[in-house]
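K.L.:
Quick one: structure below, then a few questions.
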Amino acid sequence: MTKAELSVVVPCFNEEAVLEEFSGRMSRACSAVTSDYEIIFVDDGSSDRTWPIIETLSQNDRRIVGVQLFRNHGHQLAATAGLSIAAGDRVLLIDADLQDPPELLPSMARLMDEGYDVVYGKRIARAGETTFKRLTASVFYRLLNRLSSVAIPEDTGDFRLMSRPVVDILNGMPERHRFIRGMVSWIGGRQAAFPYARDARFAGETKYPLRKMISLAIDALTSFSTKPLRAAVWLGLMSSLFAFAILFYAVFQWSAVNVVPGWASSVVAISFFSGTQLFVMGVFGEYLGRVVQEVKGRPLFTIGKICRKDAMAEIPGDIQSLRKAVTEYPRSENRISR
């Protein structure tokens, strides 16, 4: 893809109600920064009209590129797909729901002009979010920073403006269970917070219900900390010490001929040890499962189609296929097939 000054990566999943509004606001924000920009919409296997709308937007504006994944891979991998083909010297990662206002881009760009490698949005207010979600998010980030060897900014999401070197390093990180905001923190460089008030969703419903939030939290913990493994070891050790204490107590009672038959103590002890063993095995299983997934070496995502003004490509495959197709765009007249 032709080099650009600015790329905007927008993961989308069932966002038909917001895409046209987002596209207009994002285009105006980009135009306030540079005329040399591209907006990459990544359809993460939507079941509504998200992809037809993206196709229409791309045919009406040459600076809009559409990428359709074969199936739903999840927000983090959809963002990875967009970042992998973003050609800009600076890359903005933003969701399509308009909770993160596109109009903040010029201010973030000016802050980056001061020499920063990453400018990330830091939420000082969260409109439209429940107290439960705000509380659990706060607890999660504080717990993660306690466990992680890398400081990850609190009250932040994936909304951030990144320099080309940071994006290149991020694209070179192959792990499947991705926590992008943590990965960017791990990269380092000069990073600055940009405080802002987060808006409520423009339309539709959240794509991160409690189940997905828990899954993302587990990915974050296992990606940036091995302390849960250490905690499992300590828990197993304490259980063993408790078992020896019960053994010594039983021997003492037997030697004193003070044996009182009863099942309650046995049930409690068995339940405690069984629960401890299952917990420790579960922690090890989480890490082992991630090792298995990484060793397989499968593509992070699969692409169905990409589209840009006057060009359409059907590119079944992985990121190498996608990059090849995008390179062919300038020479394509109507349709590329593979």
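If you're wondering about the labels, chains in the structure tokens are A, B, ... by order shown, residues count from 1 in each chain, ligands from 1 in order shown.
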If we count only C-alpha atoms and set the cut-off at 12 Å, which residues sit around Cys12 in chain A, ignoring sequence neighbours fewer than 6 positions away in its own chain? Please answer as a VMD selection string.

P.N.:
chain A and resid 18 to 19 22 40 to 51 53 to 54 66 to 69 72 to 79 81 to 82 93 to 98 206 to 207

K.L.:
Keeping only N, CA and C atoms, write the selected residues as a compact mmCIF listing (two decimals), in the first residue's frame.

P.N.:
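Saved as part-v1.txt:
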```
# COMPACT_ATOMS: atom_id res chain seq x y z
N VAL A 18 -23.61 2.73 13.37
CA VAL A 18 -22.71 3.84 13.68
C VAL A 18 -21.69 4.14 12.58
N LEU A 19 -21.56 3.25 11.61
CA LEU A 19 -20.45 3.37 10.66
C LEU A 19 -20.48 4.66 9.86
N PHE A 22 -19.61 7.55 12.12
CA PHE A 22 -18.19 7.47 12.48
C PHE A 22 -17.31 7.87 11.31
N ILE A 40 -8.83 2.34 7.76
CA ILE A 40 -8.95 0.90 7.50
C ILE A 40 -10.03 0.33 8.42
N PHE A 41 -11.16 -0.05 7.84
CA PHE A 41 -12.23 -0.71 8.59
C PHE A 41 -12.03 -2.21 8.49
N VAL A 42 -12.00 -2.89 9.64
CA VAL A 42 -11.83 -4.34 9.68
C VAL A 42 -13.12 -4.96 10.20
N ASP A 43 -13.84 -5.64 9.32
CA ASP A 43 -15.08 -6.30 9.70
C ASP A 43 -14.76 -7.66 10.31
N ASP A 44 -15.03 -7.80 11.59
CA ASP A 44 -14.68 -9.00 12.34
C ASP A 44 -15.82 -10.02 12.30
N GLY A 45 -16.20 -10.43 11.09
CA GLY A 45 -17.23 -11.47 10.96
C GLY A 45 -18.60 -11.01 11.41
N SER A 46 -19.00 -9.80 11.08
CA SER A 46 -20.30 -9.27 11.51
C SER A 46 -21.44 -10.04 10.86
N SER A 47 -22.59 -10.06 11.55
CA SER A 47 -23.78 -10.75 11.03
C SER A 47 -24.83 -9.76 10.54
N ASP A 48 -24.56 -8.46 10.63
CA ASP A 48 -25.51 -7.46 10.16
C ASP A 48 -24.98 -6.85 8.85
N ARG A 49 -25.32 -5.61 8.55
CA ARG A 49 -24.94 -4.97 7.30
C ARG A 49 -23.62 -4.21 7.40
N THR A 50 -22.80 -4.54 8.36
CA THR A 50 -21.53 -3.83 8.54
C THR A 50 -20.67 -3.88 7.28
N TRP A 51 -20.50 -5.07 6.69
CA TRP A 51 -19.62 -5.18 5.53
C TRP A 51 -20.18 -4.47 4.29
N ILE A 53 -21.94 -1.83 4.19
CA ILE A 53 -21.75 -0.40 4.43
C ILE A 53 -20.28 -0.03 4.23
N ILE A 54 -19.37 -0.88 4.71
CA ILE A 54 -17.94 -0.62 4.52
C ILE A 54 -17.60 -0.61 3.03
N GLY A 66 -11.48 -1.41 3.17
CA GLY A 66 -12.25 -2.39 3.94
C GLY A 66 -11.55 -3.74 3.96
N VAL A 67 -11.52 -4.37 5.12
CA VAL A 67 -10.95 -5.71 5.27
C VAL A 67 -12.01 -6.57 5.95
N GLN A 68 -12.39 -7.65 5.30
CA GLN A 68 -13.38 -8.56 5.87
C GLN A 68 -12.70 -9.86 6.28
N LEU A 69 -12.78 -10.18 7.56
CA LEU A 69 -12.24 -11.44 8.05
C LEU A 69 -13.23 -12.57 7.77
N ASN A 72 -15.47 -14.37 12.93
CA ASN A 72 -15.21 -13.54 14.10
C ASN A 72 -13.98 -14.07 14.84
N HIS A 73 -12.92 -13.26 14.85
CA HIS A 73 -11.69 -13.63 15.55
C HIS A 73 -11.55 -12.93 16.89
N GLY A 74 -12.38 -11.96 17.16
CA GLY A 74 -12.25 -11.19 18.39
C GLY A 74 -11.61 -9.83 18.14
N HIS A 75 -11.91 -8.89 19.03
CA HIS A 75 -11.49 -7.50 18.85
C HIS A 75 -9.98 -7.35 18.71
N GLN A 76 -9.21 -8.04 19.54
CA GLN A 76 -7.77 -7.86 19.55
C GLN A 76 -7.13 -8.35 18.25
N LEU A 77 -7.61 -9.44 17.70
CA LEU A 77 -7.06 -9.94 16.44
C LEU A 77 -7.56 -9.13 15.25
N ALA A 78 -8.78 -8.61 15.34
CA ALA A 78 -9.26 -7.72 14.28
C ALA A 78 -8.41 -6.46 14.23
N ALA A 79 -8.09 -5.92 15.39
CA ALA A 79 -7.20 -4.75 15.44
C ALA A 79 -5.82 -5.10 14.89
N ALA A 81 -5.15 -7.29 12.58
CA ALA A 81 -5.24 -7.37 11.13
C ALA A 81 -5.11 -5.99 10.50
N GLY A 82 -5.79 -5.01 11.09
CA GLY A 82 -5.70 -3.65 10.56
C GLY A 82 -4.32 -3.05 10.74
N LEU A 93 -5.43 3.81 16.58
CA LEU A 93 -6.30 2.66 16.81
C LEU A 93 -7.52 3.14 17.59
N ILE A 94 -8.71 2.94 17.04
CA ILE A 94 -9.92 3.47 17.64
C ILE A 94 -11.09 2.56 17.31
N ASP A 95 -12.05 2.42 18.22
CA ASP A 95 -13.25 1.63 17.96
C ASP A 95 -14.28 2.47 17.22
N ALA A 96 -15.23 1.79 16.58
CA ALA A 96 -16.22 2.48 15.75
C ALA A 96 -17.43 2.97 16.53
N ASP A 97 -17.51 2.67 17.83
CA ASP A 97 -18.74 2.97 18.57
C ASP A 97 -18.87 4.43 18.99
N LEU A 98 -17.84 5.25 18.71
CA LEU A 98 -17.84 6.69 19.01
C LEU A 98 -17.81 6.99 20.50
N THR A 206 -22.84 -2.82 23.72
CA THR A 206 -21.43 -3.10 23.92
C THR A 206 -21.04 -4.46 23.35
N LYS A 207 -19.83 -4.54 22.81
CA LYS A 207 -19.31 -5.80 22.27
C LYS A 207 -18.41 -6.49 23.29
```

K.L.:
Please give the complete set of residues from range 64-161 of chain A that DSSP, run on the backbone, assigns to strand (DSSP E), formatted as number ranges by chain.

P.N.:
A: 64-69, 88-93, 118-126, 156-161

K.L.:
Given the selection you just returned, output its residues as a file containing N, CA, C and O atoms, formatted as a short mmCIF file (atom, residue, chain, number, x, y, z; two decimals), in the first residue's frame.

P.N.:
```
data_model
loop_
_atom_site.label_atom_id
_atom_site.label_comp_id
_atom_site.auth_asym_id
_atom_site.auth_seq_id
_atom_site.Cartn_x
_atom_site.Cartn_y
_atom_site.Cartn_z
N ILE A 64 -10.54 5.16 2.07
CA ILE A 64 -11.13 4.16 2.96
C ILE A 64 -10.87 2.76 2.40
O ILE A 64 -11.11 2.48 1.23
N VAL A 65 -10.34 1.89 3.24
CA VAL A 65 -10.04 0.51 2.88
C VAL A 65 -10.87 -0.40 3.77
O VAL A 65 -10.98 -0.19 4.98
N GLY A 66 -11.48 -1.41 3.17
CA GLY A 66 -12.25 -2.39 3.94
C GLY A 66 -11.55 -3.74 3.96
O GLY A 66 -11.03 -4.20 2.95
N VAL A 67 -11.52 -4.37 5.12
CA VAL A 67 -10.95 -5.71 5.27
C VAL A 67 -12.01 -6.57 5.95
O VAL A 67 -12.49 -6.23 7.03
N GLN A 68 -12.39 -7.65 5.30
CA GLN A 68 -13.38 -8.56 5.87
C GLN A 68 -12.70 -9.86 6.28
O GLN A 68 -12.12 -10.56 5.46
N LEU A 69 -12.78 -10.18 7.56
CA LEU A 69 -12.24 -11.44 8.05
C LEU A 69 -13.23 -12.57 7.77
O LEU A 69 -14.44 -12.35 7.72
N GLY A 88 0.70 4.08 7.49
CA GLY A 88 0.98 5.44 7.91
C GLY A 88 2.20 5.59 8.78
O GLY A 88 2.62 4.65 9.48
N ASP A 89 2.81 6.78 8.74
CA ASP A 89 3.89 7.09 9.66
C ASP A 89 3.39 7.14 11.09
O ASP A 89 4.14 6.88 12.03
N ARG A 90 2.11 7.46 11.24
CA ARG A 90 1.44 7.41 12.53
C ARG A 90 0.16 6.61 12.36
O ARG A 90 -0.51 6.70 11.33
N VAL A 91 -0.19 5.84 13.39
CA VAL A 91 -1.35 4.96 13.29
C VAL A 91 -2.23 5.18 14.52
O VAL A 91 -1.78 5.06 15.66
N LEU A 92 -3.50 5.49 14.26
CA LEU A 92 -4.49 5.65 15.32
C LEU A 92 -5.32 4.39 15.39
O LEU A 92 -5.88 3.95 14.39
N LEU A 93 -5.43 3.81 16.58
CA LEU A 93 -6.30 2.66 16.81
C LEU A 93 -7.52 3.14 17.59
O LEU A 93 -7.37 3.72 18.67
N VAL A 118 4.12 7.18 21.63
CA VAL A 118 2.74 6.72 21.81
C VAL A 118 1.99 7.78 22.62
O VAL A 118 2.49 8.29 23.62
N VAL A 119 0.79 8.10 22.17
CA VAL A 119 -0.12 8.95 22.94
C VAL A 119 -1.38 8.13 23.16
O VAL A 119 -2.10 7.81 22.20
N TYR A 120 -1.64 7.74 24.40
CA TYR A 120 -2.79 6.88 24.69
C TYR A 120 -3.86 7.64 25.46
O TYR A 120 -3.58 8.51 26.27
N GLY A 121 -5.12 7.31 25.15
CA GLY A 121 -6.23 7.95 25.83
C GLY A 121 -6.40 7.44 27.24
O GLY A 121 -6.42 6.22 27.47
N LYS A 122 -6.50 8.35 28.20
CA LYS A 122 -6.72 7.98 29.60
C LYS A 122 -8.09 8.51 30.02
O LYS A 122 -8.33 9.71 30.00
N ARG A 123 -8.97 7.62 30.39
CA ARG A 123 -10.35 7.98 30.68
C ARG A 123 -10.48 8.62 32.07
O ARG A 123 -10.13 8.01 33.07
N ILE A 124 -10.97 9.85 32.08
CA ILE A 124 -11.23 10.52 33.37
C ILE A 124 -12.71 10.52 33.69
O ILE A 124 -13.11 10.87 34.80
N ALA A 125 -13.54 10.16 32.73
CA ALA A 125 -14.98 10.02 32.94
C ALA A 125 -15.50 9.00 31.94
O ALA A 125 -14.98 8.89 30.82
N ARG A 126 -16.52 8.24 32.33
CA ARG A 126 -17.05 7.17 31.48
C ARG A 126 -18.56 7.30 31.41
O ARG A 126 -19.28 6.78 32.26
N THR A 156 -7.26 2.88 30.85
CA THR A 156 -6.98 3.09 29.43
C THR A 156 -7.57 1.93 28.63
O THR A 156 -7.80 0.84 29.17
N GLY A 157 -7.78 2.17 27.35
CA GLY A 157 -8.21 1.12 26.44
C GLY A 157 -7.21 1.01 25.30
O GLY A 157 -6.03 1.33 25.46
N ASP A 158 -7.69 0.61 24.15
CA ASP A 158 -6.81 0.49 22.99
C ASP A 158 -6.77 1.78 22.17
O ASP A 158 -6.05 1.84 21.16
N PHE A 159 -7.51 2.79 22.56
CA PHE A 159 -7.53 4.07 21.87
C PHE A 159 -6.19 4.76 22.04
O PHE A 159 -5.84 5.23 23.12
N ARG A 160 -5.40 4.82 20.96
CA ARG A 160 -4.06 5.39 21.06
C ARG A 160 -3.50 5.73 19.68
O ARG A 160 -3.88 5.12 18.68
N LEU A 161 -2.61 6.69 19.65
CA LEU A 161 -1.89 7.10 18.45
C LEU A 161 -0.45 6.63 18.60
O LEU A 161 0.21 6.94 19.59
#
```

K.L.:
Asn60 in chain A: which residues within 10 Å, counting only C-alpha atoms, same-chain residues fewer than 5 positions away excluded, as a PDB file with N, CA, C and O atoms, in the first residue's frame?

P.N.:
```
ATOM      1  N   ILE A  54     -19.367  -0.882   4.715  1.00  0.00           N
ATOM      2  CA  ILE A  54     -17.938  -0.621   4.517  1.00  0.00           C
ATOM      3  C   ILE A  54     -17.602  -0.612   3.029  1.00  0.00           C
ATOM      4  O   ILE A  54     -16.834   0.244   2.557  1.00  0.00           O
ATOM      5  N   GLU A  55     -18.159  -1.559   2.273  1.00  0.00           N
ATOM      6  CA  GLU A  55     -17.927  -1.584   0.829  1.00  0.00           C
ATOM      7  C   GLU A  55     -18.381  -0.280   0.173  1.00  0.00           C
ATOM      8  O   GLU A  55     -17.673   0.289  -0.674  1.00  0.00           O
ATOM      9  N   ARG A 308     -11.203  -1.443  -1.875  1.00  0.00           N
ATOM     10  CA  ARG A 308     -10.853  -0.037  -1.944  1.00  0.00           C
ATOM     11  C   ARG A 308     -11.486   0.505  -3.220  1.00  0.00           C
ATOM     12  O   ARG A 308     -11.940  -0.271  -4.067  1.00  0.00           O
ATOM     13  N   LYS A 309     -11.555   1.778  -3.377  1.00  0.00           N
ATOM     14  CA  LYS A 309     -12.229   2.372  -4.521  1.00  0.00           C
ATOM     15  C   LYS A 309     -11.733   1.765  -5.828  1.00  0.00           C
ATOM     16  O   LYS A 309     -10.540   1.737  -6.100  1.00  0.00           O
ATOM     17  N   ASP A 310     -12.679   1.239  -6.626  1.00  0.00           N
ATOM     18  CA  ASP A 310     -12.405   0.649  -7.937  1.00  0.00           C
ATOM     19  C   ASP A 310     -11.595  -0.630  -7.869  1.00  0.00           C
ATOM     20  O   ASP A 310     -11.019  -1.064  -8.858  1.00  0.00           O
TER      21      ASP A 310
END
```

K.L.:
Within 8 Å of range 169-174 of chain A, counting only C-alpha atoms, which residues show up once you throw out same-chain ones fewer than 6 positions away? Write them as a list in words, please.

P.N.:
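Returned residues: Thr80, Leu83, Ser84, Met183, Val184 and Ile187 of chain A.
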
K.L.:
CA of Ala127 in chain A and CA of Gln99 in chain A, how far apart in Å?

P.N.:
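If I compute the distance from CA of Gln99 in chain A to CA of Ala127 in chain A, I get 8.4 Å.
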
K.L.:
How far is it from CA of Asp117 in chain A to CA of Phe194 in chain A, in Å with one decimal?

P.N.:
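One can read the CA of Asp117 in chain A to CA of Phe194 in chain A distance as 13.0 Å.
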